[in-house]
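One file, work_9.txt, is given below (compact mmCIF, C-alpha atoms).
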```txt
# COMPACT_ATOMS: atom_id res chain seq x y z
CA MET A 92 -4.63 137.56 177.09
CA ASN A 93 -4.17 134.04 178.45
CA GLN A 94 -0.78 133.72 180.14
CA ASN A 95 -1.10 130.04 180.99
CA PRO A 96 -2.06 128.11 177.84
CA ARG A 97 -1.17 124.78 179.44
CA LEU A 98 -3.72 125.29 182.24
CA SER A 99 -6.37 126.35 179.71
CA LEU A 100 -5.64 123.26 177.62
CA TRP A 101 -6.10 120.99 180.63
CA PHE A 102 -9.25 122.82 181.67
CA ARG A 103 -10.72 122.28 178.20
CA ARG A 104 -9.74 118.60 178.24
CA VAL A 105 -11.20 117.96 181.68
CA ALA A 106 -14.37 119.90 180.82
CA GLY A 107 -14.82 117.81 177.68
CA ALA A 108 -14.13 114.55 179.49
CA SER A 109 -16.51 115.58 182.29
CA ALA A 110 -19.28 116.38 179.79
CA LEU A 111 -18.85 112.97 178.16
CA PHE A 112 -18.81 111.31 181.58
CA ALA A 113 -21.91 113.27 182.63
CA LEU A 114 -23.71 111.92 179.56
CA CYS A 115 -22.85 108.40 180.74
CA VAL A 116 -24.12 109.22 184.25
CA VAL A 117 -27.42 110.57 182.87
CA VAL A 118 -27.98 107.55 180.63
CA PHE A 119 -27.01 105.10 183.34
CA GLY A 120 -29.31 106.93 185.76
CA ALA A 121 -32.15 106.32 183.30
CA PHE A 122 -31.20 102.64 183.19
CA VAL A 123 -31.34 102.51 187.01
CA ARG A 124 -34.83 104.02 186.99
CA LEU A 125 -36.16 101.91 184.11
CA SER A 126 -34.77 98.65 185.52
CA ASP A 127 -36.58 99.37 188.83
CA ALA A 128 -33.27 99.51 190.69
CA GLY A 129 -33.85 102.92 192.29
CA LEU A 130 -34.50 101.24 195.64
CA GLY A 131 -31.99 98.46 195.07
CA CYS A 132 -30.29 99.92 198.13
CA PRO A 133 -32.87 101.13 200.68
CA ASP A 134 -30.40 103.41 202.50
CA TRP A 135 -27.92 106.12 201.52
CA PRO A 136 -24.99 106.55 200.89
CA GLY A 137 -24.25 102.90 201.64
CA CYS A 138 -26.18 99.80 200.69
CA TYR A 139 -27.84 97.91 203.57
CA GLY A 140 -25.25 99.51 205.82
CA HIS A 141 -22.31 98.48 203.59
CA PHE A 142 -20.09 100.54 201.31
CA GLY A 143 -20.56 97.82 198.74
CA VAL A 144 -23.37 95.32 198.25
CA PRO A 145 -23.91 92.48 200.77
CA GLU A 146 -23.25 89.24 198.91
CA SER A 147 -22.29 86.58 201.44
CA GLN A 148 -25.15 84.67 203.03
CA GLU A 149 -24.26 86.06 206.45
CA HIS A 150 -24.25 89.67 205.25
CA ILE A 151 -27.49 89.18 203.31
CA GLN A 152 -29.22 87.77 206.39
CA ARG A 153 -28.07 90.70 208.51
CA ALA A 154 -29.16 93.16 205.83
CA GLU A 155 -32.63 91.65 205.60
CA GLN A 156 -32.96 91.70 209.37
CA SER A 157 -32.14 95.42 209.34
CA PHE A 158 -34.43 96.12 206.33
CA PRO A 159 -37.16 93.47 206.52
CA GLU A 160 -39.37 95.36 204.08
CA ARG A 161 -36.70 95.23 201.36
CA PRO A 162 -35.23 91.77 200.56
CA VAL A 163 -31.74 91.91 199.05
CA ASP A 164 -31.61 91.79 195.25
CA THR A 165 -27.88 91.88 194.54
CA THR A 166 -28.33 92.67 190.83
CA LYS A 167 -30.45 95.75 191.46
CA ALA A 168 -28.25 96.76 194.40
CA TRP A 169 -25.12 96.70 192.24
CA ILE A 170 -26.86 98.71 189.51
CA GLU A 171 -27.79 101.37 192.07
CA MET A 172 -24.35 101.41 193.71
CA ALA A 173 -22.57 101.57 190.34
CA HIS A 174 -24.56 104.69 189.55
CA ARG A 175 -23.58 106.25 192.89
CA TYR A 176 -19.91 105.44 192.29
CA ILE A 177 -19.74 106.97 188.81
CA ALA A 178 -21.75 110.03 189.93
CA SER A 179 -19.24 110.52 192.75
CA LEU A 180 -16.38 110.29 190.26
CA LEU A 181 -18.05 113.00 188.17
CA GLY A 182 -18.17 115.16 191.30
CA VAL A 183 -14.42 114.71 191.75
CA MET A 184 -13.83 115.78 188.14
CA ILE A 185 -15.91 118.92 188.68
CA ILE A 186 -13.92 119.73 191.84
CA GLY A 187 -10.84 119.52 189.62
CA LEU A 188 -12.41 122.05 187.22
CA VAL A 189 -13.05 124.44 190.12
CA VAL A 190 -9.43 124.14 191.28
CA MET A 191 -8.11 124.83 187.78
CA ALA A 192 -10.53 127.73 187.28
CA TRP A 193 -9.38 129.22 190.61
CA ARG A 194 -5.74 128.98 189.58
CA GLY A 195 -6.48 130.49 186.18
CA ARG A 196 -9.04 133.10 187.23
CA ARG A 197 -6.74 135.98 186.28
CA GLU A 198 -6.29 134.44 182.83
CA GLY A 199 -10.02 134.31 182.23
CA LEU A 200 -10.98 130.75 183.15
CA PRO A 201 -14.69 130.65 184.14
CA LEU A 202 -14.50 130.41 187.93
CA ARG A 203 -18.08 131.51 188.68
CA VAL A 204 -19.62 129.01 186.29
CA SER A 205 -17.39 126.25 187.66
CA VAL A 206 -18.39 127.02 191.25
CA ALA A 207 -22.08 127.16 190.25
CA LEU A 208 -21.64 123.79 188.60
CA LEU A 209 -20.11 122.34 191.77
CA ALA A 210 -23.03 123.69 193.82
CA LEU A 211 -25.45 122.06 191.38
CA VAL A 212 -23.69 118.71 191.69
CA ILE A 213 -23.80 118.90 195.48
CA PHE A 214 -27.54 119.53 195.26
CA GLN A 215 -27.77 116.60 192.85
CA GLY A 216 -26.22 114.41 195.53
CA MET A 217 -28.89 115.56 197.96
CA LEU A 218 -31.60 114.76 195.42
CA GLY A 219 -30.06 111.31 195.00
CA MET A 220 -30.33 110.79 198.76
CA TRP A 221 -33.95 112.03 198.83
CA THR A 222 -34.79 109.75 195.90
CA VAL A 223 -34.05 106.81 198.19
CA THR A 224 -35.23 108.17 201.53
CA LEU A 225 -38.51 109.51 200.08
CA LEU A 226 -39.16 106.20 198.28
CA LEU A 227 -38.96 107.32 194.62
CA LYS A 228 -41.21 110.34 195.05
CA PRO A 229 -41.94 111.46 191.44
CA ALA A 230 -41.26 115.16 192.11
CA VAL A 231 -37.83 114.32 193.56
CA VAL A 232 -36.88 111.78 190.88
CA THR A 233 -37.95 114.18 188.12
CA ALA A 234 -35.93 116.99 189.76
CA HIS A 235 -32.96 114.61 189.86
CA LEU A 236 -33.31 114.04 186.11
CA ILE A 237 -33.55 117.80 185.49
CA GLY A 238 -30.43 118.37 187.59
CA GLY A 239 -28.55 115.72 185.65
CA MET A 240 -29.47 117.29 182.32
CA ALA A 241 -28.55 120.75 183.64
CA THR A 242 -25.17 119.47 184.85
CA LEU A 243 -24.51 117.88 181.46
CA SER A 244 -25.48 121.08 179.62
CA MET A 245 -23.31 123.30 181.83
CA LEU A 246 -20.28 121.06 181.40
CA PHE A 247 -20.80 121.03 177.64
CA TRP A 248 -21.14 124.82 177.64
CA LEU A 249 -17.91 125.13 179.64
CA TRP A 250 -16.13 123.01 177.05
CA LEU A 251 -17.57 125.09 174.21
CA THR A 252 -16.38 128.36 175.82
CA GLN A 253 -12.79 127.13 175.59
CA ARG A 254 -12.98 126.61 171.84
CA PRO A 255 -12.24 129.28 169.19
CA ALA A 256 -15.03 131.79 168.62
CA PRO A 257 -17.19 131.16 165.50
CA GLN A 258 -16.36 133.29 162.46
CA HIS A 259 -19.61 133.23 160.48
CA PRO A 260 -22.31 135.76 161.43
CA ALA A 261 -25.49 134.53 163.05
CA PRO A 262 -28.48 134.55 160.66
CA PRO A 263 -31.04 137.12 161.86
CA GLY A 264 -33.79 135.72 164.07
CA LEU A 265 -32.18 132.37 164.79
CA ARG A 266 -30.91 133.30 168.24
CA GLY A 267 -34.43 133.83 169.56
CA LEU A 268 -35.66 130.66 167.83
CA THR A 269 -32.83 128.66 169.41
CA VAL A 270 -33.82 129.93 172.87
CA ALA A 271 -37.41 128.89 172.13
CA ALA A 272 -36.20 125.46 171.01
CA LEU A 273 -34.20 125.08 174.21
CA LEU A 274 -37.27 125.94 176.30
CA VAL A 275 -39.65 123.52 174.54
CA VAL A 276 -37.11 120.70 174.75
CA ALA A 277 -36.53 121.43 178.45
CA VAL A 278 -40.29 121.24 179.09
CA GLN A 279 -40.47 117.96 177.15
CA ILE A 280 -37.64 116.48 179.21
CA ILE A 281 -39.53 117.43 182.38
CA LEU A 282 -42.71 115.85 181.00
CA GLY A 283 -40.74 112.75 180.02
CA GLY A 284 -39.34 112.48 183.51
CA TRP A 285 -42.82 112.89 184.98
CA THR A 286 -44.12 110.17 182.62
CA SER A 287 -41.37 107.77 183.61
CA THR A 288 -41.46 108.38 187.37
CA ASN A 289 -45.24 107.90 187.43
CA TYR A 290 -44.95 104.69 185.37
CA ALA A 291 -47.12 106.17 182.63
CA ALA A 292 -45.01 105.20 179.62
CA LEU A 293 -47.41 102.39 178.68
CA ALA A 294 -50.61 104.21 179.62
CA CYS A 295 -51.12 104.41 175.85
CA THR A 296 -50.28 101.23 173.95
CA GLU A 297 -51.14 102.37 170.41
CA PHE A 298 -49.93 105.04 168.01
CA PRO A 299 -51.21 107.51 166.85
CA THR A 300 -54.25 106.56 168.92
CA CYS A 301 -53.88 105.87 172.64
CA HIS A 302 -55.79 102.63 173.23
CA ASP A 303 -58.95 100.99 171.92
CA GLY A 304 -58.70 103.24 168.87
CA GLU A 305 -59.28 106.41 170.89
CA VAL A 306 -57.00 109.42 170.53
CA PHE A 307 -58.29 111.00 173.73
CA PRO A 308 -59.57 108.26 176.06
CA PRO A 309 -60.87 109.10 179.56
CA MET A 310 -58.20 111.08 181.40
CA ASP A 311 -57.70 112.69 184.81
CA LEU A 312 -55.43 115.70 184.23
CA LYS A 313 -55.90 117.10 187.72
CA GLU A 314 -54.80 113.91 189.47
CA GLY A 315 -52.03 113.21 186.97
CA PHE A 316 -50.23 116.48 187.71
CA VAL A 317 -50.41 116.64 191.49
CA ILE A 318 -46.76 117.49 192.25
CA TRP A 319 -46.57 116.79 195.99
CA ARG A 320 -48.49 113.99 197.72
CA GLY A 321 -46.93 114.01 201.16
CA ILE A 322 -44.20 111.88 202.69
CA GLY A 323 -44.12 108.21 203.65
CA GLN A 324 -45.76 106.61 200.61
CA ASN A 325 -43.80 104.16 198.48
CA TYR A 326 -44.00 105.27 194.84
CA GLU A 327 -42.27 102.22 193.36
CA TYR A 328 -44.33 101.03 190.35
CA GLY A 329 -46.58 104.08 190.72
CA VAL A 330 -49.66 105.01 192.73
CA LEU A 331 -51.88 106.62 190.09
CA GLU A 332 -54.99 105.14 188.53
CA HIS A 333 -55.02 104.54 184.78
CA PRO A 334 -56.89 107.75 183.77
CA ALA A 335 -54.26 109.87 185.53
CA ARG A 336 -51.42 107.98 183.86
CA THR A 337 -53.16 108.34 180.50
CA ALA A 338 -53.34 112.11 181.03
CA ILE A 339 -49.60 112.30 181.72
CA HIS A 340 -48.75 110.21 178.67
CA THR A 341 -51.08 112.20 176.40
CA VAL A 342 -49.66 115.57 177.48
CA HIS A 343 -46.15 114.24 176.79
CA ARG A 344 -47.27 113.22 173.30
CA LEU A 345 -48.98 116.52 172.57
CA TRP A 346 -45.98 118.56 173.67
CA ALA A 347 -43.86 116.44 171.30
CA ILE A 348 -45.78 118.17 168.48
CA ALA A 349 -44.61 121.57 169.76
CA VAL A 350 -41.05 120.25 169.99
CA THR A 351 -41.24 118.93 166.43
CA LEU A 352 -42.51 122.23 165.04
CA VAL A 353 -40.07 124.52 166.85
CA VAL A 354 -36.96 122.33 166.67
CA GLY A 355 -37.76 121.23 163.11
CA LEU A 356 -38.02 124.87 162.04
CA LEU A 357 -34.69 125.64 163.71
CA ALA A 358 -32.98 122.75 161.90
CA ALA A 359 -34.48 123.79 158.55
CA LEU A 360 -33.42 127.43 158.92
CA LEU A 361 -29.90 126.43 159.98
CA LEU A 362 -29.61 124.33 156.82
CA TRP A 363 -31.13 127.06 154.63
CA ARG A 364 -29.59 130.24 156.03
CA GLY A 365 -26.60 128.98 157.99
CA GLN A 366 -22.97 129.06 156.90
CA GLY A 367 -20.20 126.51 157.39
CA GLY A 368 -20.53 124.80 160.74
CA GLN A 369 -24.03 126.23 161.24
CA ARG A 370 -25.32 123.87 158.55
CA LEU A 371 -23.66 120.97 160.35
CA LEU A 372 -25.49 122.03 163.50
CA GLY A 373 -28.72 121.99 161.50
CA LEU A 374 -28.04 118.39 160.51
CA MET A 375 -27.27 117.48 164.11
CA VAL A 376 -30.41 119.14 165.48
CA GLY A 377 -32.63 117.64 162.79
CA GLY A 378 -31.06 114.21 163.08
CA ALA A 379 -31.40 114.15 166.86
CA LEU A 380 -35.05 115.22 166.57
CA VAL A 381 -35.94 112.51 164.04
CA LEU A 382 -34.11 109.86 166.05
CA GLN A 383 -35.94 110.86 169.22
CA LEU A 384 -39.34 110.77 167.51
CA LEU A 385 -38.65 107.32 166.07
CA ILE A 386 -37.53 105.97 169.44
CA GLY A 387 -40.57 107.44 171.18
CA VAL A 388 -43.01 105.81 168.74
CA SER A 389 -41.12 102.51 168.87
CA ILE A 390 -41.28 102.44 172.66
CA VAL A 391 -45.09 102.48 172.49
CA LEU A 392 -45.39 99.96 169.68
CA LEU A 393 -42.85 97.56 171.22
CA HIS A 394 -44.19 98.02 174.78
CA LEU A 395 -41.26 99.70 176.50
CA PRO A 396 -38.21 97.48 175.93
CA LEU A 397 -35.52 98.44 178.45
CA GLY A 398 -32.80 99.14 175.91
CA LEU A 399 -34.99 101.35 173.76
CA ALA A 400 -36.36 103.23 176.78
CA THR A 401 -32.81 103.93 177.93
CA MET A 402 -31.93 105.13 174.42
CA HIS A 403 -34.88 107.54 174.62
CA ASN A 404 -33.17 109.28 177.55
CA ALA A 405 -29.87 109.30 175.68
CA GLY A 406 -31.65 110.77 172.65
CA ALA A 407 -33.16 113.52 174.80
CA ALA A 408 -29.68 114.38 176.09
CA LEU A 409 -28.22 114.48 172.56
CA LEU A 410 -31.06 116.67 171.30
CA LEU A 411 -30.52 119.03 174.23
CA LEU A 412 -26.76 119.18 173.60
CA SER A 413 -27.24 119.88 169.89
CA ILE A 414 -29.42 122.88 170.77
CA VAL A 415 -26.95 124.04 173.45
CA ALA A 416 -24.17 123.89 170.83
CA THR A 417 -26.34 125.87 168.40
CA LEU A 418 -27.13 128.48 171.04
CA HIS A 419 -23.44 128.89 171.93
CA THR A 420 -22.41 129.16 168.28
CA LEU A 421 -25.06 131.75 167.40
CA TRP A 422 -24.61 133.70 170.64
CA LYS A 423 -20.86 134.07 170.14
CA ALA A 424 -21.06 134.69 166.40
CA PRO A 425 -20.90 138.20 164.96
CA ARG A 426 -24.34 139.58 164.09
CA GLY A 427 -25.41 139.26 160.47
CA ARG A 428 -27.11 142.04 158.55
CA GLU A 429 -30.87 142.16 158.84
CA LEU A 430 -32.53 140.79 155.73
CA ALA A 431 -34.61 143.22 153.73
```

Now that the file is in, can you turn its structure into structure tokens?
Amino acid sequence: MNQNPRLSLWFRRVAGASALFALCVVVFGAFVRLSDAGLGCPDWPGCYGHFGVPESQEHIQRAEQSFPERPVDTTKAWIEMAHRYIASLLGVMIIGLVVMAWRGRREGLPLRVSVALLALVIFQGMLGMWTVTLLLKPAVVTAHLIGGMATLSMLFWLWLTQRPAPQHPAPPGLRGLTVAALLVVAVQIILGGWTSTNYAALACTEFPTCHDGEVFPPMDLKEGFVIWRGIGQNYEYGVLEHPARTAIHTVHRLWAIAVTLVVGLLAALLLWRGQGGQRLLGLMVGGALVLQLLIGVSIVLLHLPLGLATMHNAGAALLLLSIVATLHTLWKAPRGRELA
């Protein structure tokens, strides 16, 4: 039995605030990538050797002498530094969760999960450094995206664990389907990251066809999915030829069909067989899926507007969180009777 309800209350509040803040960090990170500000600061953790961004003429001249290959663009530099600042603040919030979990470990606060979360965030910081020092290497940038989504999901799960347990039984079969939905969405997020970091979002400019009326134009799958290409190459704006980018984009589209089938089935069954809040989860899952599909198609038809592309990352995060919430609810719910 919890002997320190005040500490548990604060843990729940900080976990919830951290999850919300992590969502902002993930979405802003997408904005950094999509606005081509990932190398706005060519060094790490500072910016041209400064803790802030060089803005005076004297500081800009010195910065460009030190980094002649990277002229100062103060707008992109501030976008990149703002992302580093808010990510650092999220790290401080997670340290606070670890401290509270340590103090309340005898009362059941999740210390192990909190420590694992802190370790993940430290690794995220390292990936952020490698993103810059390895010149936007797609494997590293995609891993950074995955880490951000994992951090967000773990914080959300921590917050959910501090809420009252669900009362309605889980409909038979939906736990396994929710796990499957989580897996297909995770794969699609990875494919989306790979599409973005290889600048393949506009490899297809039509829908449902790709380009020139072809559904499957010439593609180079082997070249498109080479994970590691060595060190020293600048990957800004991409290095792949068009057939390789087309392959990446097409695979992302095709996997969206799997996501639609699995996640759509989950939403429908939650609405049909769920009780109480489970039906609300069905609406959330289905709504997030439809929104994400509409944004994805619009991005192609409107040729990748920055705001819509950023929303696509936010939509992916919301779809992921809706499935995480469903998984937590069904996992903690009492088992329902098997249907005859």

**Report entry** Nearest to Leu357 (chain A), chosen from A:Leu293, A:Leu273, A:Met375, A:Leu268, with all atoms listed in the file counted in the distances
**Finding:**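 Comparing A:Leu293, A:Leu273, A:Met375, A:Leu268 against Leu357 (chain A), the winner is A:Leu268.
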
Show me, as CSV, the residues of region 321-361 of chain A having an atom within 10 Å of region 408-419 of chain A, each with the closest atom pair and its distance in Å, using all atoms listed in the file.
```
residue,atom,partner,partner_atom,distance
A:Val354,CA,A:Ile414,CA,8.6
A:Leu357,CA,A:Ile414,CA,9.2
A:Ala358,CA,A:Ile414,CA,9.6
A:Leu361,CA,A:Thr417,CA,9.2
```

Query raised in the report: Can you tell me how far CA of Phe307 (chain A) sits from CA of Thr351 (chain A), in Å to one decimal?
Result: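 Taking CA of Phe307 (chain A) as the start and CA of Thr351 (chain A) as the end point, the length is 20.2 Å.
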
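Minimum distance to Ala121 (chain A) across A:Glu146, A:Glu155, A:Glu171, A:Asp134 (counting all atoms listed in the file) occurs at A:Glu171.
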
Query raised in the report: What gap, in Å, lies between CA of Ile186 (chain A) and CA of Leu225 (chain A)?
Result: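 Atom-to-atom, CA of Ile186 (chain A) to CA of Leu225 (chain A), that is 27.9 Å.
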
Report task. Give me, please, the distance in Å between CA of Gly131 (chain A) and CA of Thr242 (chain A), quoted to one decimal. Result -> 24.3 Å

Query raised in the report: What would the list of residues within 7 Å of (-41.6, 108.8, 192.5) (file frame) look like as a list in words, if all atoms listed in the file are what count?
Result: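 Every residue inside that radius is included here: Leu226, Leu227, Lys228, Pro229, Ala230, Val231, Val232, Thr288, Asn289, Tyr326 and Glu327 of chain A.
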
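You can rank A:Thr337, A:Asn325, A:Thr165, A:Thr300 by their closest distance to Gly143 (chain A) using only C-alpha atoms, and at the top of that list sits A:Thr165.
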
Query raised in the report: Can you tell me, as a VMD selection string, what residues are no more than 12 Å from Leu111 (chain A) when counting all atoms listed in the file, ignoring any on the same chain fewer than 2 positions away?
Result: chain A and resid 104 to 109 113 to 118 181 184 242 to 247 250 405 408 to 409 412
